[in-house]
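Pasting coords-v1.cif here (mmCIF, C-alpha atoms and all ligand atoms):
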```cif
data_query
loop_
_atom_site.label_atom_id
_atom_site.label_comp_id
_atom_site.auth_asym_id
_atom_site.auth_seq_id
_atom_site.Cartn_x
_atom_site.Cartn_y
_atom_site.Cartn_z
CA MET C 229 0.37 6.81 -38.03
CA SER C 230 -1.96 4.80 -35.77
CA GLY C 231 0.97 2.52 -34.83
CA ASN C 232 2.63 5.43 -33.03
CA ARG C 233 -0.43 5.83 -30.87
CA LEU C 234 -0.31 2.26 -29.57
CA TYR C 235 1.90 1.44 -26.61
CA ARG C 236 2.23 -1.48 -24.24
CA VAL C 237 2.22 -1.32 -20.45
CA GLU C 238 2.51 -3.84 -17.63
CA GLY C 239 0.54 -2.88 -14.54
CA LEU C 240 -1.69 -3.77 -11.61
CA VAL C 241 -5.38 -2.80 -11.58
CA LEU C 242 -6.14 -0.46 -8.66
CA LYS C 243 -9.84 0.04 -9.31
CA THR C 244 -12.54 -0.07 -11.94
CA SER C 245 -15.75 1.88 -12.31
CA PHE C 246 -18.63 1.19 -14.65
CA LEU C 247 -19.75 3.91 -17.03
CA GLY C 248 -23.26 3.02 -18.16
CA ASP C 249 -23.90 -0.58 -19.15
CA ARG C 250 -21.10 -0.84 -21.71
CA ASP C 251 -17.87 0.85 -20.69
CA VAL C 252 -15.41 0.57 -17.81
CA LEU C 253 -12.91 3.12 -16.49
CA VAL C 254 -9.75 1.33 -15.32
CA THR C 255 -7.17 2.85 -12.95
CA LEU C 256 -3.86 1.05 -12.78
CA ILE C 257 -0.33 1.50 -11.55
CA ALA C 258 2.13 0.87 -14.36
CA SER C 259 5.41 -0.98 -13.79
CA ASP C 260 7.26 2.38 -13.76
CA GLY C 261 5.15 3.29 -10.70
CA SER C 262 3.02 5.96 -12.35
CA LYS C 263 -0.76 5.88 -12.09
CA LEU C 264 -2.86 5.95 -15.21
CA THR C 265 -6.53 5.80 -16.08
CA ALA C 266 -7.74 4.19 -19.29
CA MET C 267 -11.13 3.57 -20.88
CA ALA C 268 -12.18 0.02 -21.75
CA TRP C 269 -14.84 0.77 -24.35
CA GLY C 270 -17.54 -1.90 -24.59
CA ALA C 271 -15.91 -4.07 -21.90
CA ARG C 272 -19.26 -4.88 -20.26
CA LYS C 273 -20.79 -6.22 -23.47
CA LEU C 274 -21.33 -9.99 -23.42
CA THR C 275 -19.16 -10.37 -26.51
CA SER C 276 -16.17 -8.57 -24.93
CA ARG C 277 -13.33 -10.62 -23.48
CA LYS C 278 -11.75 -7.67 -21.65
CA MET C 279 -13.87 -7.77 -18.48
CA GLY C 280 -12.23 -10.83 -16.88
CA HIS C 281 -8.77 -9.36 -17.41
CA ILE C 282 -9.38 -5.89 -15.95
CA GLU C 283 -10.55 -7.03 -12.49
CA GLN C 284 -9.18 -5.16 -9.48
CA LEU C 285 -5.84 -6.64 -8.25
CA ASN C 286 -5.04 -8.30 -11.59
CA GLN C 287 -1.53 -7.94 -12.97
CA ILE C 288 -2.06 -7.16 -16.64
CA ASP C 289 -0.23 -6.72 -19.92
CA VAL C 290 -2.19 -4.04 -21.75
CA THR C 291 -1.92 -2.33 -25.13
CA LEU C 292 -3.19 1.23 -24.94
CA TYR C 293 -4.31 3.60 -27.66
CA ARG C 294 -3.25 7.18 -27.01
CA GLY C 295 -6.46 9.25 -27.11
CA ARG C 296 -6.94 13.00 -27.00
CA ASN C 297 -8.11 13.01 -23.37
CA MET C 298 -7.17 9.62 -21.99
CA PRO C 299 -5.84 6.33 -23.37
CA SER C 300 -8.21 3.52 -24.27
CA ILE C 301 -7.54 -0.19 -23.86
CA SER C 302 -6.97 -1.86 -27.21
CA GLN C 303 -5.93 -5.31 -25.92
CA VAL C 304 -5.48 -6.71 -22.42
CA GLN C 305 -4.20 -9.98 -21.03
CA SER C 306 -4.00 -10.87 -17.34
CA MET C 307 -0.59 -12.14 -16.24
CA ASP C 308 -1.67 -13.07 -12.68
CA ASN C 309 -5.16 -12.78 -11.21
CA PHE C 310 -4.13 -13.67 -7.61
CA GLN C 311 -6.98 -16.16 -7.36
CA ILE C 312 -5.86 -17.72 -4.03
CA LEU C 313 -5.59 -14.28 -2.44
CA LYS C 314 -9.05 -13.25 -3.68
CA GLY C 315 -10.56 -16.46 -2.30
CA ASN C 316 -9.57 -15.71 1.32
CA LEU C 317 -11.48 -12.93 3.11
CA GLU C 318 -8.64 -11.84 5.42
CA ARG C 319 -6.03 -11.69 2.65
CA LEU C 320 -8.52 -9.99 0.33
CA SER C 321 -9.28 -7.32 2.96
CA GLN C 322 -5.52 -6.70 3.41
CA SER C 323 -5.04 -6.52 -0.36
CA LEU C 324 -7.87 -4.01 -0.77
CA TYR C 325 -6.32 -1.89 1.99
CA ILE C 326 -2.84 -1.80 0.43
CA THR C 327 -4.45 -1.15 -2.96
CA GLU C 328 -6.21 1.92 -1.55
CA LEU C 329 -2.87 3.13 -0.15
CA VAL C 330 -1.09 2.65 -3.49
CA ASP C 331 -3.95 4.48 -5.23
CA GLY C 332 -3.51 7.31 -2.73
CA PHE C 333 0.28 7.63 -2.98
CA ALA C 334 0.87 6.89 -6.70
CA MET C 335 0.74 9.90 -8.98
CA GLU C 336 0.03 10.33 -12.68
CA ALA C 337 3.11 10.91 -14.83
CA ASN C 338 5.34 10.41 -11.80
CA SER C 339 7.71 7.45 -12.11
CA ASN C 340 8.32 5.40 -8.94
CA PRO C 341 9.25 1.82 -9.95
CA GLU C 342 10.01 0.89 -6.32
CA LEU C 343 6.35 1.53 -5.47
CA TYR C 344 5.18 -0.91 -8.15
CA THR C 345 7.68 -3.57 -7.03
CA LEU C 346 6.66 -3.13 -3.38
CA PHE C 347 2.96 -3.50 -4.27
CA LEU C 348 3.55 -6.59 -6.43
CA ASP C 349 5.83 -8.20 -3.80
CA CYS C 350 3.22 -7.52 -1.12
CA LEU C 351 0.45 -9.20 -3.13
CA HIS C 352 2.72 -12.24 -3.60
CA ALA C 353 3.57 -12.24 0.13
CA LEU C 354 -0.13 -12.08 1.07
CA GLN C 355 -0.95 -14.85 -1.39
CA ASP C 356 1.85 -17.12 -0.18
CA SER C 357 1.67 -16.43 3.58
CA ASN C 358 -0.25 -18.25 6.24
CA ALA C 359 -1.95 -15.47 8.25
CA ASN C 360 1.20 -13.39 8.79
CA HIS C 361 -0.01 -10.16 10.39
CA MET C 362 3.33 -8.40 9.92
CA ILE C 363 2.92 -8.14 6.14
CA VAL C 364 0.68 -5.06 6.24
CA PRO C 365 2.85 -3.07 8.72
CA PHE C 366 5.97 -4.03 6.73
CA PHE C 367 4.22 -2.74 3.60
CA GLN C 368 3.14 0.47 5.37
CA PHE C 369 6.70 1.21 6.54
CA ASN C 370 8.17 0.58 3.09
CA LEU C 371 5.40 2.54 1.39
CA LEU C 372 6.36 5.57 3.48
CA SER C 373 10.00 4.86 2.61
CA VAL C 374 9.64 4.61 -1.20
CA CYS C 375 7.43 7.73 -1.19
CA GLY C 376 10.06 9.77 0.67
CA HIS C 377 8.43 9.76 4.12
CA MET C 378 10.36 7.02 5.93
CA PRO C 379 10.14 7.45 9.71
CA GLU C 380 13.48 8.65 11.14
CA LEU C 381 14.68 6.04 13.65
CA TYR C 382 18.36 6.85 14.12
CA ARG C 383 18.61 10.64 14.49
CA CYS C 384 16.49 13.14 16.35
CA VAL C 385 13.99 14.60 13.85
CA GLU C 386 14.21 17.99 15.53
CA CYS C 387 17.95 18.63 16.08
CA GLY C 388 19.55 15.87 13.96
CA HIS C 389 21.71 14.41 16.74
CA VAL C 390 22.43 10.69 16.48
CA LEU C 391 20.31 8.76 18.98
CA ASP C 392 22.99 6.74 20.77
CA SER C 393 20.62 5.12 23.25
CA TYR C 394 16.99 4.22 23.14
CA SER C 395 14.74 7.18 22.70
CA ASN C 396 11.09 6.32 23.10
CA ARG C 397 9.57 9.62 22.03
CA PHE C 398 7.99 9.62 18.59
CA CYS C 399 6.34 12.49 16.74
CA ILE C 400 4.06 11.62 13.78
CA GLU C 401 4.02 15.12 12.31
CA LEU C 402 7.82 15.54 12.46
CA GLY C 403 8.25 11.99 11.14
CA GLY C 404 10.30 10.06 13.69
CA LEU C 405 12.04 9.78 17.04
CA LEU C 406 13.18 12.69 19.22
CA CYS C 407 16.16 12.99 21.56
CA ASP C 408 15.51 13.71 25.25
CA ASN C 409 16.36 17.40 24.87
CA CYS C 410 13.93 18.31 22.08
CA LYS C 411 10.40 19.18 23.08
CA PRO C 412 8.45 20.50 20.08
CA GLU C 413 5.66 22.80 21.22
CA LEU C 414 3.38 22.43 18.21
CA TRP C 415 3.13 18.66 17.97
CA ARG C 416 2.10 15.78 20.19
CA VAL C 417 4.93 13.47 21.29
CA ARG C 418 4.07 9.80 21.92
CA PHE C 419 5.85 7.28 24.11
CA VAL C 420 6.72 4.16 22.10
CA ASN C 421 7.87 0.79 23.49
CA ASP C 422 11.41 -0.51 22.83
CA ASP C 423 9.94 -3.59 21.10
CA THR C 424 8.00 -1.41 18.66
CA ILE C 425 11.13 0.59 17.78
CA ASP C 426 13.05 -2.69 17.32
CA ILE C 427 10.44 -3.89 14.82
CA LEU C 428 10.52 -0.60 12.89
CA ARG C 429 14.35 -0.80 12.72
CA LEU C 430 14.09 -4.43 11.59
CA PHE C 431 11.69 -3.34 8.82
CA ASN C 432 14.24 -0.72 7.81
CA SER C 433 17.08 -3.22 7.51
CA SER C 434 15.18 -6.14 5.98
CA PRO C 435 14.76 -6.33 2.19
CA ASN C 436 12.11 -9.07 2.32
CA PHE C 437 8.61 -9.40 3.69
CA PRO C 438 8.54 -11.13 7.12
CA ARG C 439 7.69 -14.81 6.99
CA SER C 440 6.39 -15.09 10.54
CA SER C 441 4.84 -12.90 13.23
CA THR C 442 5.53 -13.46 16.90
CA THR C 443 4.79 -10.09 18.46
CA SER C 444 2.24 -9.49 21.22
CA GLU C 445 -1.15 -7.94 20.47
CA ASP C 446 -0.20 -4.75 22.40
CA ILE C 447 3.00 -4.17 20.40
CA TYR C 448 1.21 -5.00 17.15
CA ARG C 449 -1.48 -2.44 17.99
CA GLU C 450 1.11 0.24 18.81
CA LEU C 451 3.06 -0.50 15.63
CA ARG C 452 -0.09 -0.22 13.53
CA SER C 453 -1.15 2.95 15.33
CA ILE C 454 2.14 4.72 14.49
CA LEU C 455 2.11 3.56 10.87
CA ASP C 456 -1.64 4.22 10.38
CA LYS C 457 -1.31 7.75 11.77
CA SER C 458 1.85 8.46 9.72
CA ILE C 459 0.07 7.34 6.55
CA ARG C 460 -3.04 9.33 7.47
CA TYR C 461 -0.83 12.41 7.98
CA TRP C 462 1.00 12.18 4.63
CA LEU C 463 -2.07 11.06 2.66
CA ASP C 464 -4.15 13.81 4.29
CA LYS C 465 -7.33 11.72 4.22
CA ASP C 466 -8.88 8.68 5.89
CA VAL C 467 -8.29 5.23 4.43
CA GLN C 468 -11.77 3.81 3.83
CA SER C 469 -10.86 0.10 3.78
CA SER C 470 -8.87 0.23 7.05
CA ASP C 471 -11.78 -0.56 9.41
CA PHE C 472 -12.92 -3.51 7.30
CA MET C 473 -9.40 -5.00 7.25
CA ASP C 474 -8.95 -4.55 11.01
CA HIS C 475 -12.38 -6.03 11.75
CA VAL C 476 -11.68 -9.12 9.63
CA GLY C 477 -8.15 -9.39 11.11
CA ARG C 478 -9.38 -9.26 14.72
CA TYR C 479 -11.99 -11.92 14.00
CA SER C 480 -9.36 -14.19 12.36
CA ARG C 481 -6.93 -13.82 15.29
CA GLU C 482 -9.71 -14.64 17.79
CA GLN C 483 -10.45 -17.84 15.86
CA VAL C 484 -6.76 -18.83 16.05
CA VAL C 485 -6.65 -18.22 19.83
ZN ZN U 501 16.87 16.57 19.41
#
```

Using C-alpha cells, write down the structure that the file contains.
Ligand SMILES: [Zn+2]
Amino acid sequence: MSGNRLYRVEGLVLKTSFLGDRDVLVTLIASDGSKLTAMAWGARKLTSRKMGHIEQLNQIDVTLYRGRNMPSISQVQSMDNFQILKGNLERLSQSLYITELVDGFAMEANSNPELYTLFLDCLHALQDSNANHMIVPFFQFNLLSVCGHMPELYRCVECGHVLDSYSNRFCIELGGLLCDNCKPELWRVRFVNDDTIDILRLFNSSPNFPRSSTTSEDIYRELRSILDKSIRYWLDKDVQSSDFMDHVGRYSREQVV
C-alpha cells in the first residue's frame, strides 16, 4: 500500500523556506517541467542528511511520499550542486535571476519539459562560460518561446503580413514587430535598432547558448530592455532579483574595461 505512495522525481530546486527550526518547504521544477512543492520534515535537525541536498539551484533525484495535502521528501540525493557557479558572484546573480523567472513561469501540474531542459542548459552554460553576457538574454528569449510568448520577428503582429524588409517598430504588448502600415492606438510602439533585431533572430534560429558576446553596450541595453519588458508583461509582476543581477553585471563589465 505505502509503496504506491512513493514516487521518484528528478528536478532542480527553485527555492526553500524554513518552517520553524526543524522543517523545510522545498519548491522544485521537475524534469517534466511542472512545479511542485514538497515538505522536508526534520531537514534542519543536525542528524538529518537532507539539508545539503535540497539547496537552491541543486539538481536532485528525490523520492517523494504522496501526502494528503502535499508530498513529503522521503529520500534525496543531489546529482549536481553547481559549485563553480555558486562560487562566482556574477554567475550566481544571473542564476538567481533565471531561477526567479522559472519559478514565475512554471506551473503546478502543467508539463513543460522544454522549460526544464532550458533551465538546466542555462545553468550549465553559466557554469562553463567566461563572463558571457548574452546567456541571460538568450535564456529570456527562449523562456518566452517555450512558454508560448515568443516575440514575433517575421510577420506584423497586427495584420500578419510577412515583413519583407527591416521593420524597426516593436510593440511589447502585442508581442513583436509591426509593419509600416499598422499603428495600434492602444499600445506604445518602440523603435528598435537593426542590430538588436538581428540578435533576436539569431536567438530564434540558434539551438545552443551563445559562446561569446561581442555586442555594444547600447545594443545590449536595448536587447535587455525589450526582453525584460516582455517578461514583465507576461509575468504580470516585477522580477525582484533583476536589479541585483544588473548591478553586479555592470560592476563586472567596468572591471573588464
Ligand atoms: Zn501590419

As a PDB file with C-alpha atoms, in the frame of the given file, please: every protein or nucleic acid residue near ligand ZN 501 (chain U) (cut-off 10 Å, counting only C-alpha atoms and all ligand atoms).
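Below is the file result-v2.pdb, written as the result:
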```pdb
ATOM      1  CA  ARG C 383      18.610  10.640  14.490  1.00  0.00           C
ATOM      2  CA  CYS C 384      16.490  13.140  16.350  1.00  0.00           C
ATOM      3  CA  VAL C 385      13.990  14.600  13.850  1.00  0.00           C
ATOM      4  CA  GLU C 386      14.210  17.990  15.530  1.00  0.00           C
ATOM      5  CA  CYS C 387      17.950  18.630  16.080  1.00  0.00           C
ATOM      6  CA  GLY C 388      19.550  15.870  13.960  1.00  0.00           C
ATOM      7  CA  HIS C 389      21.710  14.410  16.740  1.00  0.00           C
ATOM      8  CA  VAL C 390      22.430  10.690  16.480  1.00  0.00           C
ATOM      9  CA  LEU C 391      20.310   8.760  18.980  1.00  0.00           C
ATOM     10  CA  LEU C 405      12.040   9.780  17.040  1.00  0.00           C
ATOM     11  CA  LEU C 406      13.180  12.690  19.220  1.00  0.00           C
ATOM     12  CA  CYS C 407      16.160  12.990  21.560  1.00  0.00           C
ATOM     13  CA  ASP C 408      15.510  13.710  25.250  1.00  0.00           C
ATOM     14  CA  ASN C 409      16.360  17.400  24.870  1.00  0.00           C
ATOM     15  CA  CYS C 410      13.930  18.310  22.080  1.00  0.00           C
ATOM     16  CA  LYS C 411      10.400  19.180  23.080  1.00  0.00           C
ATOM     17  CA  PRO C 412       8.450  20.500  20.080  1.00  0.00           C
TER      18      PRO C 412
END
```

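Counting all atoms listed in the file, the residue from C:Val374, C:Leu329, C:Leu313, C:Met267 that sits nearest to Asp356 (chain C) is C:Leu313.
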
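With distances taken over all atoms listed in the file, C:Tyr344 is the one residue among C:Trp269, C:Phe398, C:Tyr344, C:Phe367 lying closest to Gly239 (chain C).
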
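For Arg272 (chain C), the residues within 12 Å (counting all atoms listed in the file, excluding itself and residues fewer than 3 positions away along the chain) are Thr244, Ser245, Phe246, Leu247, Gly248, Asp249, Arg250, Asp251, Val252, Leu253, Met267, Ala268, Trp269, Thr275, Ser276, Arg277, Lys278, Met279, Gly280, His281, Ile282 and Glu283 of chain C.
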
For the selection you just gave me, I'd like the residues written to a file as a PDB file, in the coordinates of the input, keeping C-alpha atoms.
```
ATOM      1  CA  THR C 244     -12.540  -0.070 -11.940  1.00  0.00           C
ATOM      2  CA  SER C 245     -15.750   1.880 -12.310  1.00  0.00           C
ATOM      3  CA  PHE C 246     -18.630   1.190 -14.650  1.00  0.00           C
ATOM      4  CA  LEU C 247     -19.750   3.910 -17.030  1.00  0.00           C
ATOM      5  CA  GLY C 248     -23.260   3.020 -18.160  1.00  0.00           C
ATOM      6  CA  ASP C 249     -23.900  -0.580 -19.150  1.00  0.00           C
ATOM      7  CA  ARG C 250     -21.100  -0.840 -21.710  1.00  0.00           C
ATOM      8  CA  ASP C 251     -17.870   0.850 -20.690  1.00  0.00           C
ATOM      9  CA  VAL C 252     -15.410   0.570 -17.810  1.00  0.00           C
ATOM     10  CA  LEU C 253     -12.910   3.120 -16.490  1.00  0.00           C
ATOM     11  CA  MET C 267     -11.130   3.570 -20.880  1.00  0.00           C
ATOM     12  CA  ALA C 268     -12.180   0.020 -21.750  1.00  0.00           C
ATOM     13  CA  TRP C 269     -14.840   0.770 -24.350  1.00  0.00           C
ATOM     14  CA  THR C 275     -19.160 -10.370 -26.510  1.00  0.00           C
ATOM     15  CA  SER C 276     -16.170  -8.570 -24.930  1.00  0.00           C
ATOM     16  CA  ARG C 277     -13.330 -10.620 -23.480  1.00  0.00           C
ATOM     17  CA  LYS C 278     -11.750  -7.670 -21.650  1.00  0.00           C
ATOM     18  CA  MET C 279     -13.870  -7.770 -18.480  1.00  0.00           C
ATOM     19  CA  GLY C 280     -12.230 -10.830 -16.880  1.00  0.00           C
ATOM     20  CA  HIS C 281      -8.770  -9.360 -17.410  1.00  0.00           C
ATOM     21  CA  ILE C 282      -9.380  -5.890 -15.950  1.00  0.00           C
ATOM     22  CA  GLU C 283     -10.550  -7.030 -12.490  1.00  0.00           C
TER      23      GLU C 283
END
```

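Nearest residue to Cys350 (chain C) among C:Asn286, C:Gln322, C:Asn338, C:Gln483 is C:Gln322, counting only C-alpha atoms.
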
Taking the point (2.1, -4.8, 20.5) as given in the file, collect each protein or nucleic acid residue that comes within 12 Å of it, counting all atoms listed in the file, and present the set as a list in words. His361, Met362, Pro365, Val420, Asn421, Asp422, Asp423, Thr424, Ile425, Asp426, Ile427, Ser441, Thr442, Thr443, Ser444, Glu445, Asp446, Ile447, Tyr448, Arg449, Glu450, Leu451, Arg452, Ser453 and Ile454 of chain C

Quick one: residues within 7 Å of Ala334 (chain C), only C-alpha atoms, excluding same-chain residues fewer than 4 positions away - as a PyMOL selection string? chain C and resi 261-263+330

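You will find CA of Asp464 (chain C) at 18.9 Å from CA of Leu343 (chain C).
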
Could you name the residues that touch Leu242 (chain C) at 8 Å or less, counting all atoms listed in the file, but leaving out those on the same chain fewer than 3 positions away, as an NGL selection string? :C and (254-257 or 284-285 or 327-328 or 330-331)

Calculated over all atoms listed in the file, which of the candidates C:Phe310, C:Ser323, C:Arg397, C:Asn316 has the smallest distance to Arg416 (chain C)? C:Arg397

Measure the distance from CA of Gln303 (chain C) to CA of Val290 (chain C) in Å and round it to one decimal. 5.7 Å

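Separating CA of Ser302 (chain C) from CA of Ile326 (chain C) is a distance of 27.9 Å.
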
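Candidate residues C:Asn436, C:Met307, C:Val241, C:Gly332 were compared for distance to Val467 (chain C), and the nearest is C:Gly332, using only C-alpha atoms.
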
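Nearest to Met378 (chain C) of all the residues C:Arg429, C:Lys273, C:Arg418, C:His475 is C:Arg429, counting all atoms listed in the file.
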
What are the centre and edge lengths in Å, to one decimal, of the axis-aligned box around all listed atoms of region 351-366 of chain C with 5 Å added on each side, as AutoDock Vina command-line options?
```
--center_x 2.0 --center_y -10.7 --center_z 3.4 --size_x 17.9 --size_y 25.2 --size_z 24.0
```

Just want the 8 Å neighbourhood of Val237 (chain C), counted on all atoms listed in the file, with same-chain residues fewer than 3 positions away dropped. Output as a VMD selection string. chain C and resid 258 to 259 289 to 292
